[in-house]
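Novice: File follows, final.txt with compact mmCIF, C-alpha atoms (C1' of nucleotides):
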# COMPACT_ATOMS: atom_id res chain seq x y z
CA MET A 221 23.47 137.48 47.41
CA LYS A 222 22.59 140.75 45.98
CA ALA A 223 24.43 141.62 42.80
CA GLY A 224 24.00 138.12 41.43
CA LEU A 225 27.41 137.87 39.85
CA SER A 226 28.81 134.84 38.11
CA LYS A 227 32.19 133.96 36.68
CA THR A 228 30.86 134.63 33.21
CA THR A 229 29.49 138.10 33.91
CA ILE A 230 32.70 139.05 35.69
CA ILE A 231 34.91 137.82 32.85
CA GLU A 232 32.79 139.61 30.29
CA MET A 233 33.04 142.84 32.24
CA ALA A 234 36.80 142.37 32.55
CA ALA A 235 37.07 141.85 28.79
CA ASN A 236 35.04 144.98 28.27
CA ILE A 237 37.26 147.01 30.57
CA ALA A 238 40.37 145.70 28.83
CA ASP A 239 39.02 146.75 25.44
CA GLU A 240 37.54 150.09 26.46
CA ARG A 241 39.98 151.33 29.05
CA GLY A 242 43.14 149.29 28.46
CA ILE A 243 44.58 146.34 30.33
CA ALA A 244 46.11 148.62 32.95
CA ASN A 245 42.56 149.09 34.21
CA VAL A 246 41.86 145.42 34.60
CA THR A 247 42.22 145.57 38.38
CA LEU A 248 40.00 144.18 41.12
CA LYS A 249 39.29 147.73 42.20
CA VAL A 250 38.02 148.93 38.82
CA LEU A 251 36.30 145.66 38.06
CA ALA A 252 34.45 145.62 41.36
CA ALA A 253 33.39 149.24 40.99
CA GLU A 254 32.10 148.55 37.50
CA LEU A 255 30.12 145.57 38.77
CA GLY A 256 28.74 147.46 41.73
CA VAL A 257 30.43 145.38 44.43
CA LYS A 258 33.47 145.71 46.67
CA SER A 259 36.69 144.13 45.50
CA PRO A 260 36.97 141.46 48.22
CA SER A 261 33.65 140.07 46.99
CA LEU A 262 35.30 138.98 43.77
CA TYR A 263 37.26 136.36 45.71
CA LYS A 264 34.02 134.44 46.14
CA HIS A 265 34.12 133.79 42.40
CA PHE A 266 37.88 133.76 41.81
CA ASN A 267 39.64 132.08 44.64
CA GLY A 268 42.98 132.77 43.04
CA GLY A 269 42.32 136.50 42.85
CA LEU A 270 43.61 138.68 40.04
CA ASP A 271 45.94 136.00 38.74
CA GLU A 272 43.15 133.50 38.22
CA LEU A 273 40.98 136.18 36.68
CA ASN A 274 43.65 137.00 34.12
CA LYS A 275 44.05 133.35 33.27
CA GLU A 276 40.32 132.96 32.74
CA LEU A 277 40.28 136.11 30.66
CA MET A 278 43.04 134.69 28.47
CA LEU A 279 41.11 131.44 27.99
CA TYR A 280 37.90 133.34 27.30
CA GLY A 281 39.67 135.36 24.63
CA TRP A 282 41.04 132.35 22.78
CA HIS A 283 37.69 130.61 22.89
CA SER A 284 35.98 133.72 21.54
CA LEU A 285 38.48 133.98 18.74
CA GLU A 286 38.05 130.30 18.00
CA SER A 287 34.32 130.62 17.50
CA LYS A 288 34.76 133.72 15.38
CA ILE A 289 37.10 131.97 12.98
CA ILE A 290 34.95 128.85 12.89
CA THR A 291 31.96 130.96 11.93
CA ALA A 292 34.02 132.74 9.31
CA ALA A 293 35.07 129.48 7.69
CA ILE A 294 31.55 128.09 7.31
CA GLY A 295 30.66 127.35 3.71
CA LYS A 296 34.12 128.17 2.43
CA ALA A 297 37.01 126.02 1.26
CA LYS A 298 40.67 126.27 0.32
CA ASP A 299 42.01 129.78 -0.31
CA ASP A 300 38.63 131.34 0.43
CA ALA A 301 38.48 129.59 3.77
CA ILE A 302 42.01 130.62 4.69
CA MET A 303 41.37 134.22 3.75
CA ALA A 304 38.17 134.25 5.79
CA VAL A 305 39.88 132.76 8.81
CA CYS A 306 42.78 135.19 8.63
CA TYR A 307 40.51 138.19 8.27
CA ALA A 308 38.41 136.98 11.18
CA TYR A 309 41.54 136.74 13.30
CA ARG A 310 42.72 140.20 12.36
CA ASN A 311 39.29 141.74 12.88
CA PHE A 312 39.03 140.13 16.28
CA ALA A 313 42.35 141.67 17.31
CA ALA A 314 41.22 145.06 16.04
CA GLU A 315 37.87 144.89 17.82
CA HIS A 316 39.30 143.52 21.05
CA LYS A 317 42.63 145.23 21.50
CA GLY A 318 42.71 144.80 25.25
CA LEU A 319 41.51 141.22 25.30
CA PHE A 320 43.89 140.32 22.49
CA GLU A 321 46.74 141.67 24.57
CA VAL A 322 45.75 139.61 27.57
CA MET A 323 45.57 136.53 25.34
CA GLN A 324 49.21 136.92 24.43
CA TRP A 325 50.57 138.50 27.55
CA TYR A 326 49.15 136.33 30.29
CA ASN A 327 50.91 133.17 31.31
CA MET A 328 54.04 133.89 29.33
CA TYR A 329 56.25 131.31 30.91
CA GLN A 330 53.72 128.63 31.73
CA SER A 331 52.98 127.37 28.29
CA GLU A 332 50.73 124.41 29.18
CA GLU A 333 47.62 126.47 29.71
CA HIS A 334 48.45 128.62 26.75
CA LEU A 335 48.96 125.59 24.53
CA LYS A 336 45.56 124.21 25.47
CA ALA A 337 43.95 127.59 24.90
CA THR A 338 45.21 127.89 21.35
CA GLN A 339 44.55 124.28 20.37
CA GLY A 340 41.06 125.06 19.16
CA MET A 341 42.28 127.66 16.74
CA VAL A 342 45.10 125.44 15.55
CA SER A 343 42.61 122.67 14.80
CA VAL A 344 40.61 124.99 12.59
CA PHE A 345 43.70 125.75 10.54
CA PHE A 346 44.54 122.08 10.15
CA GLN A 347 41.02 121.28 9.07
CA VAL A 348 41.08 123.97 6.43
CA LEU A 349 44.45 122.72 5.21
CA ASP A 350 43.05 119.22 4.81
CA ALA A 351 41.54 120.38 1.52
CA TYR A 352 45.04 120.73 0.08
CA ASP A 353 47.38 117.99 -0.98
CA LEU A 354 49.94 118.43 1.79
CA ASN A 355 51.76 116.09 4.13
CA GLU A 356 51.59 116.51 7.90
CA GLY A 357 54.94 118.22 8.21
CA GLN A 358 54.05 120.75 5.57
CA LYS A 359 50.79 121.51 7.32
CA VAL A 360 52.59 122.09 10.61
CA HIS A 361 54.97 124.53 8.97
CA ILE A 362 52.14 126.39 7.30
CA VAL A 363 50.04 126.65 10.44
CA ARG A 364 53.05 127.90 12.39
CA MET A 365 53.71 130.49 9.74
CA PHE A 366 50.10 131.69 9.80
CA ARG A 367 49.99 131.84 13.58
CA GLY A 368 53.23 133.76 13.78
CA PHE A 369 52.28 136.18 11.04
CA LEU A 370 48.74 136.78 12.28
CA GLN A 371 49.74 137.38 15.86
CA GLY A 372 52.60 139.71 15.03
CA PHE A 373 50.86 141.60 12.26
CA SER A 374 47.64 142.09 14.23
CA SER A 375 49.54 143.13 17.29
CA ILE A 376 51.69 145.68 15.49
CA GLU A 377 48.73 147.01 13.54
CA SER A 378 46.43 147.45 16.49
CA HIS A 379 49.14 149.30 18.38
CA GLY A 380 49.63 151.70 15.53
CA GLY A 381 53.04 150.30 14.71
CA TYR A 382 52.68 150.55 10.95
CA GLY A 383 53.35 154.22 10.47
CA ASN A 384 53.57 154.42 6.69
CA PRO A 385 50.43 155.85 5.06
CA LEU A 386 50.21 152.92 2.66
CA SER A 387 47.08 150.82 3.20
CA VAL A 388 47.56 148.23 5.91
CA ASN A 389 44.79 146.24 4.29
CA ASP A 390 46.81 145.93 1.13
CA SER A 391 49.81 144.79 3.11
CA PHE A 392 47.69 142.14 4.81
CA ASP A 393 46.37 140.94 1.45
CA PHE A 394 49.87 140.91 0.01
CA ALA A 395 51.11 138.76 2.87
CA LEU A 396 48.21 136.31 2.67
CA LYS A 397 48.66 135.90 -1.08
CA THR A 398 52.36 135.30 -0.56
CA ILE A 399 51.68 132.51 1.90
CA LEU A 400 48.94 131.05 -0.31
CA ASN A 401 51.38 131.01 -3.22
CA GLY A 402 53.77 129.09 -1.04
CA ILE A 403 51.05 126.52 -0.39
CA HIS A 404 50.22 126.25 -4.09
CA ASP A 405 53.87 125.68 -4.94
CA LEU A 406 54.04 122.79 -2.50
CA GLN A 407 51.20 121.12 -4.32
CA GLY A 408 53.08 121.18 -7.61
CA GLU A 409 50.84 123.66 -9.35
CA MET A 410 47.47 122.11 -8.74
CA GLU A 411 44.29 124.14 -8.93
CA ARG A 412 43.50 126.54 -6.13
CA MET B 205 77.23 159.26 46.00
CA LYS B 206 78.24 155.82 46.89
CA ALA B 207 76.97 153.18 44.54
CA GLY B 208 77.83 155.23 41.48
CA LEU B 209 74.81 154.25 39.45
CA SER B 210 73.93 155.60 36.02
CA LYS B 211 70.94 155.24 33.75
CA THR B 212 72.88 152.76 31.65
CA THR B 213 73.87 150.45 34.48
CA ILE B 214 70.35 150.50 35.86
CA ILE B 215 68.79 149.71 32.48
CA GLU B 216 71.25 146.91 31.88
CA MET B 217 70.47 145.40 35.24
CA ALA B 218 66.74 145.70 34.54
CA ALA B 219 67.22 143.94 31.20
CA ASN B 220 69.14 141.23 32.97
CA ILE B 221 66.42 140.76 35.56
CA ALA B 222 63.76 140.64 32.84
CA ASP B 223 65.65 137.89 31.01
CA GLU B 224 66.73 135.87 34.03
CA ARG B 225 63.78 136.21 36.36
CA GLY B 226 60.92 137.31 34.12
CA ILE B 227 59.31 140.70 33.63
CA ALA B 228 57.20 140.26 36.76
CA ASN B 229 60.42 140.83 38.68
CA VAL B 230 61.23 144.09 37.00
CA THR B 231 60.17 146.13 40.02
CA LEU B 232 61.90 148.99 41.78
CA LYS B 233 62.21 146.80 44.83
CA VAL B 234 64.01 143.94 43.09
CA LEU B 235 66.04 146.26 40.90
CA ALA B 236 67.22 148.36 43.85
CA ALA B 237 68.15 145.27 45.85
CA GLU B 238 70.09 143.89 42.91
CA LEU B 239 71.95 147.19 42.56
CA GLY B 240 72.66 147.47 46.25
CA VAL B 241 70.60 150.60 46.87
CA LYS B 242 67.16 151.42 48.28
CA SER B 243 64.31 151.80 45.85
CA PRO B 244 63.65 155.53 46.39
CA SER B 245 67.22 156.18 45.21
CA LEU B 246 66.28 155.09 41.73
CA TYR B 247 64.11 158.19 41.38
CA LYS B 248 67.32 160.23 41.20
CA HIS B 249 67.97 158.59 37.84
CA PHE B 250 64.41 158.01 36.65
CA ASN B 251 62.23 160.89 37.60
CA GLY B 252 59.23 159.16 36.12
CA GLY B 253 59.71 156.07 38.26
CA LEU B 254 58.86 152.60 37.07
CA ASP B 255 56.98 153.86 34.05
CA GLU B 256 59.94 155.79 32.70
CA LEU B 257 62.22 152.85 33.44
CA ASN B 258 60.04 150.54 31.39
CA LYS B 259 60.01 152.99 28.53
CA GLU B 260 63.80 153.25 28.57
CA LEU B 261 64.03 149.48 28.75
CA MET B 262 61.83 149.18 25.68
CA LEU B 263 64.00 151.67 23.78
CA TYR B 264 67.18 149.94 24.92
CA GLY B 265 65.82 146.63 23.65
CA TRP B 266 65.00 147.93 20.18
CA HIS B 267 68.37 149.60 19.89
CA SER B 268 70.12 146.41 20.93
CA LEU B 269 68.16 144.41 18.39
CA GLU B 270 68.93 147.00 15.75
CA SER B 271 72.69 146.68 16.23
CA LYS B 272 72.45 142.90 16.25
CA ILE B 273 70.71 142.79 12.89
CA ILE B 274 73.02 145.41 11.42
CA THR B 275 76.00 143.31 12.42
CA ALA B 276 74.36 140.21 11.00
CA ALA B 277 73.83 141.86 7.62
CA ILE B 278 77.42 142.99 7.17
CA GLY B 279 79.00 141.56 4.03
CA LYS B 280 75.77 139.95 2.86
CA ALA B 281 73.29 140.84 0.15
CA LYS B 282 69.84 139.87 -1.12
CA ASP B 283 68.45 136.58 0.18
CA ASP B 284 71.53 135.95 2.28
CA ALA B 285 71.18 139.32 3.96
CA ILE B 286 67.49 138.79 4.63
CA MET B 287 68.07 135.36 6.09
CA ALA B 288 70.84 136.72 8.31
CA VAL B 289 68.69 139.57 9.54
CA CYS B 290 65.73 137.32 10.28
CA TYR B 291 67.86 134.82 12.15
CA ALA B 292 69.46 137.60 14.14
CA TYR B 293 65.99 138.83 15.11
CA ARG B 294 64.82 135.40 16.15
CA ASN B 295 68.00 134.66 18.09
CA PHE B 296 67.72 137.95 19.89
CA ALA B 297 64.20 137.11 21.00
CA ALA B 298 65.34 133.67 22.17
CA GLU B 299 68.30 135.04 24.10
CA HIS B 300 66.37 137.95 25.61
CA LYS B 301 62.93 136.61 26.35
CA GLY B 302 62.19 139.13 29.06
CA LEU B 303 63.54 142.13 27.24
CA PHE B 304 61.79 141.10 24.04
CA GLU B 305 58.52 141.02 25.95
CA VAL B 306 59.03 144.51 27.29
CA MET B 307 59.81 145.71 23.76
CA GLN B 308 56.41 144.59 22.57
CA TRP B 309 54.22 145.22 25.54
CA TYR B 310 55.36 148.50 26.91
CA ASN B 311 53.64 151.62 25.70
CA MET B 312 50.80 149.81 24.01
CA TYR B 313 48.57 152.72 23.29
CA GLN B 314 51.11 155.44 22.80
CA SER B 315 52.54 154.43 19.49
CA GLU B 316 54.75 157.48 18.87
CA GLU B 317 57.58 156.30 21.07
CA HIS B 318 57.19 152.78 19.79
CA LEU B 319 57.32 153.96 16.20
CA LYS B 320 60.55 155.81 16.78
CA ALA B 321 62.02 152.83 18.59
CA THR B 322 61.44 150.46 15.71
CA GLN B 323 62.47 152.87 12.98
CA GLY B 324 66.09 151.75 13.08
CA MET B 325 65.17 148.15 12.44
CA VAL B 326 62.76 149.11 9.70
CA SER B 327 65.50 151.08 7.97
CA VAL B 328 67.75 148.04 7.90
CA PHE B 329 65.03 146.05 6.15
CA PHE B 330 64.50 148.76 3.57
CA GLN B 331 68.22 148.99 2.88
CA VAL B 332 68.47 145.26 2.34
CA LEU B 333 65.47 145.37 0.03
CA ASP B 334 67.13 148.06 -2.08
CA ALA B 335 69.13 145.30 -3.72
CA TYR B 336 65.95 143.98 -5.32
CA ASP B 337 63.99 145.46 -8.16
CA LEU B 338 60.96 146.57 -6.18
CA ASN B 339 58.90 149.72 -5.99
CA GLU B 340 58.33 151.57 -2.73
CA GLY B 341 54.89 150.16 -2.09
CA GLN B 342 56.09 146.63 -2.57
CA LYS B 343 58.93 147.22 -0.13
CA VAL B 344 56.52 148.55 2.48
CA HIS B 345 54.33 145.46 2.15
CA ILE B 346 57.31 143.15 2.42
CA VAL B 347 58.77 144.88 5.45
CA ARG B 348 55.41 144.81 7.18
CA MET B 349 55.10 141.12 6.44
CA PHE B 350 58.54 140.41 7.84
CA ARG B 351 57.95 142.48 10.95
CA GLY B 352 54.63 140.83 11.64
CA PHE B 353 55.91 137.35 11.04
CA LEU B 354 59.13 137.78 13.01
CA GLN B 355 57.45 139.31 16.02
CA GLY B 356 54.67 136.76 16.19
CA PHE B 357 56.77 133.72 15.40
CA SER B 358 59.53 134.66 17.84
CA SER B 359 57.04 135.48 20.53
CA ILE B 360 55.13 132.23 20.18
CA GLU B 361 58.30 130.19 19.94
CA SER B 362 59.99 131.68 22.96
CA HIS B 363 56.88 131.10 25.05
CA GLY B 364 56.77 127.46 24.08
CA GLY B 365 53.66 127.92 21.99
CA TYR B 366 54.69 125.59 19.21
CA GLY B 367 53.89 122.28 20.83
CA ASN B 368 54.37 119.93 17.90
CA PRO B 369 57.66 117.99 18.00
CA LEU B 370 58.49 119.01 14.44
CA SER B 371 61.59 121.20 14.22
CA VAL B 372 60.77 124.86 14.79
CA ASN B 373 63.91 125.71 12.87
CA ASP B 374 62.54 124.00 9.81
CA SER B 375 59.29 125.91 10.15
CA PHE B 376 61.21 129.16 10.36
CA ASP B 377 63.19 128.28 7.24
CA PHE B 378 60.04 127.27 5.45
CA ALA B 379 58.42 130.60 6.23
CA LEU B 380 61.44 132.64 5.19
CA LYS B 381 61.70 130.76 1.90
CA THR B 382 58.01 131.34 1.29
CA ILE B 383 58.40 135.07 1.74
CA LEU B 384 61.58 135.16 -0.36
CA ASN B 385 59.72 133.36 -3.14
CA GLY B 386 57.10 136.04 -2.96
CA ILE B 387 59.78 138.68 -3.42
CA HIS B 388 61.28 136.82 -6.38
CA ASP B 389 57.89 136.58 -8.05
CA LEU B 390 57.41 140.33 -7.78
CA GLN B 391 60.68 140.92 -9.61
CA GLY B 392 59.40 139.04 -12.62
CA GLU B 393 56.57 141.50 -13.11
CA MET B 394 57.05 145.03 -14.32
CA GLU B 395 54.71 146.67 -11.89
CA ARG B 396 51.88 145.93 -9.63
C1' DT C 157 89.34 175.27 52.69
C1' DG C 158 84.71 176.32 52.01
C1' DT C 159 80.69 175.97 49.08
C1' DT C 160 77.51 173.62 46.26
C1' DA C 161 75.22 169.93 43.96
C1' DT C 162 73.35 165.63 44.36
C1' DA C 163 73.22 160.35 45.09
C1' DG C 164 71.45 157.82 48.27
C1' DC C 165 69.13 157.49 52.73
C1' DT C 166 64.99 157.10 56.17
C1' DA C 167 60.29 157.96 57.13
C1' DA C 168 55.83 158.66 55.66
C1' DT C 169 52.03 158.22 52.20
C1' DT C 170 49.29 156.07 48.68
C1' DA C 171 47.31 152.41 46.11
C1' DT C 172 46.04 147.81 45.31
C1' DA C 173 45.71 142.97 46.45
C1' DT C 174 44.58 139.91 49.71
C1' DT C 175 42.85 137.69 54.19
C1' DA C 176 39.69 137.17 58.16
C1' DG C 177 35.64 137.10 59.90
C1' DC C 178 30.70 138.89 59.98
C1' DT C 179 25.88 139.23 58.04
C1' DA C 180 21.98 139.03 55.41
C1' DT C 181 19.73 136.76 51.84
C1' DT C 182 18.60 132.75 49.29
C1' DA C 183 17.70 128.01 48.94
C1' DT C 184 16.22 123.87 51.04
C1' DA C 185 14.20 120.59 54.13
C1' DA C 186 11.25 119.45 58.05
C1' DT D 185 5.36 127.76 57.21
C1' DT D 186 9.37 127.70 59.74
C1' DA D 187 14.02 126.28 60.73
C1' DT D 188 18.50 125.41 58.92
C1' DA D 189 22.32 125.64 55.92
C1' DA D 190 25.02 127.71 52.36
C1' DT D 191 27.10 131.54 50.56
C1' DA D 192 27.46 136.27 48.15
C1' DG D 193 28.80 140.27 49.57
C1' DC D 194 30.27 143.26 53.34
C1' DT D 195 33.70 145.77 56.65
C1' DA D 196 38.07 145.85 58.81
C1' DA D 197 42.69 144.68 58.86
C1' DT D 198 47.17 143.32 56.70
C1' DA D 199 50.86 142.99 53.11
C1' DT D 200 53.45 144.70 49.38
C1' DA D 201 55.10 147.93 46.09
C1' DA D 202 55.34 152.67 44.30
C1' DT D 203 56.00 157.09 45.29
C1' DT D 204 56.95 161.61 47.85
C1' DA D 205 59.29 164.57 51.26
C1' DG D 206 62.93 165.91 53.33
C1' DC D 207 67.66 164.88 55.34
C1' DT D 208 72.75 163.89 54.94
C1' DA D 209 77.11 162.79 53.53
C1' DT D 210 80.18 162.88 49.90
C1' DA D 211 82.15 164.38 45.52
C1' DA D 212 83.38 168.16 42.72
C1' DC D 213 85.29 172.34 42.43
C1' DA D 214 86.03 177.48 43.23
I'd like the structure from this file rewritten - as structure tokens, please.

Specialist:
Amino acid sequence: MKAGLSKTTIIEMAANIADERGIANVTLKVLAAELGVKSPSLYKHFNGGLDELNKELMLYGWHSLESKIITAAIGKAKDDAIMAVCYAYRNFAAEHKGLFEVMQWYNMYQSEEHLKATQGMVSVFFQVLDAYDLNEGQKVHIVRMFRGFLQGFSSIESHGGYGNPLSVNDSFDFALKTILNGIHDLQGEMER
Amino acid sequence: MKAGLSKTTIIEMAANIADERGIANVTLKVLAAELGVKSPSLYKHFNGGLDELNKELMLYGWHSLESKIITAAIGKAKDDAIMAVCYAYRNFAAEHKGLFEVMQWYNMYQSEEHLKATQGMVSVFFQVLDAYDLNEGQKVHIVRMFRGFLQGFSSIESHGGYGNPLSVNDSFDFALKTILNGIHDLQGEMER
DNA sequence: TGTTATAGCTAATTATATTAGCTATTATAA
DNA sequence: TTATAATAGCTAATATAATTAGCTATAACA
């Protein structure tokens, strides 16, 4: 009862380490040192050790992203809302490289927890799509396309995978407009 | 001089372990046991130890994917070629979950090696796009969109991230058609 | 046949995660 | 206020995997 740690402060420090020093440094050793305690002490907060910590970090990341995109969508509708949400996603990945990696990497083959974690974000997409004249199946396809594109694009970009000097921003805009056009076509040329 | 190992056989076994038992089991211990040797022996083939092995595994994966999509594109052109390439990518990810993971997650912050590794695949996309009337910038945007989408979609799908019962195949088709429409639209214009 | 190179070995070292059990501080109740 | 209980954090010990050092037997070859 000295350092006064809590799950939250530990997770936040872990997220910080992931972003600043890379996920390879998200270890109990580094984390404890950074928090000014010894590594066994962390087991008082995370019974499941490093594994549980990574899981919590993954959940924390998705929840953070969720609130970012919710905030971004406030006061916007249709294409504007979609653009805002997509940019918020991409910016989050850029600003939280390490955390974003943990969000995707942890729990690869145990999808239940992952599914739950991403549900919030998925809901936001569906809500935004409610403003369009689309059936449920179409919405599912569109949300899946956005999720796939955003995750892959953001991941490649933040790892420096797009080597060509051409503006990555322009490529992102191009892709979003392409998907938006697809949505417009489904509506039979209604107004955007 | 007994087991007669080579870099190739070791890498192939590592890829196999990644796919069958998950990347958490790609360790020198497991790998050596599987190959019938002791783990220090592997240093005779990989001076850099586990790190070098993972790098080689990543490169091996991208080269494998490259030849798969080249094969898929043979005798096809335009939309047919693109569809074939995209399906080949997605199938590869589905059939090599572990390897596909290593391809994305190894070497996160040292993009040079990653860039080189993906260059082959990128070239295939550019070649296929040569059949369309597009300028260089447009091609770059399109390839980036495909890469982002394919990586994210395949990754989410193969980790069971698309929970909705709706056919994932249909979503994939929907997305590809959406992007193809975008390409067709660009051909109508003179320039952008 | 003798020499050399080296794949694979054992033994030892390092690094991290984890467990066991102790202690001091904080919170709570008499 | 004092006694008691709960527990955050500690030290010491253990487990597991990576890695290094140095040895040895075999394959290749002069």

Novice: Contacts from chain B to chain D, 12 Å maximum, all atoms listed in the file: show me the residue list as a PyMOL selection string.

Specialist: chain B and resi 205-208+229-234+243-247+251-255

Novice: Once you count all atoms listed in the file, which residues of chain B turn out to be within 9 Å of chain A? Could you give them as a PyMOL selection string?

Specialist: chain B and resi 226+305+308-309+311-316+318-319+322+341-342+344-346+348-368+370+372+374-376+378-379+381-383+385-387

Novice: I need the residue nearest chain B from this list: C:DT172, C:DA180, C:DA167, C:DT159. Use only C-alpha atoms (C1' of nucleotides) for the distance.

Specialist: C:DA167

Novice: Interatomic distance between CA of Met323 (chain A) and CA of Gly256 (chain A)?

Specialist: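 About the pair CA of Met323 (chain A) and CA of Gly256 (chain A): they are 25.9 Å apart.
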
Novice: Please, what distance in Å, to one decimal, runs between CA of Asn220 (chain B) and C1' of DA173 (chain C)?

Specialist: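 Interatomic distance, CA of Asn220 (chain B) to C1' of DA173 (chain C): 27.1 Å.
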
Novice: Taking a cut-off of 9 Å and counting all atoms listed in the file, can you build a table that, for each residue of chain C near chain B, reports the nearest atom pair and how far apart they are in Å (one decimal), sorted by chain then residue number, as CSV?

Specialist:
residue,atom,partner,partner_atom,distance
C:DT162,C1',B:Met205,CA,7.6
C:DA163,C1',B:Met205,CA,4.3
C:DG164,C1',B:Ser245,CA,5.5
C:DC165,C1',B:Lys242,CA,7.8

Novice: Quick one: pull the distance between CA of Leu303 (chain B) and CA of Leu279 (chain A), Å, one decimal.

Specialist: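 Distance between the two atoms: 24.9 Å.
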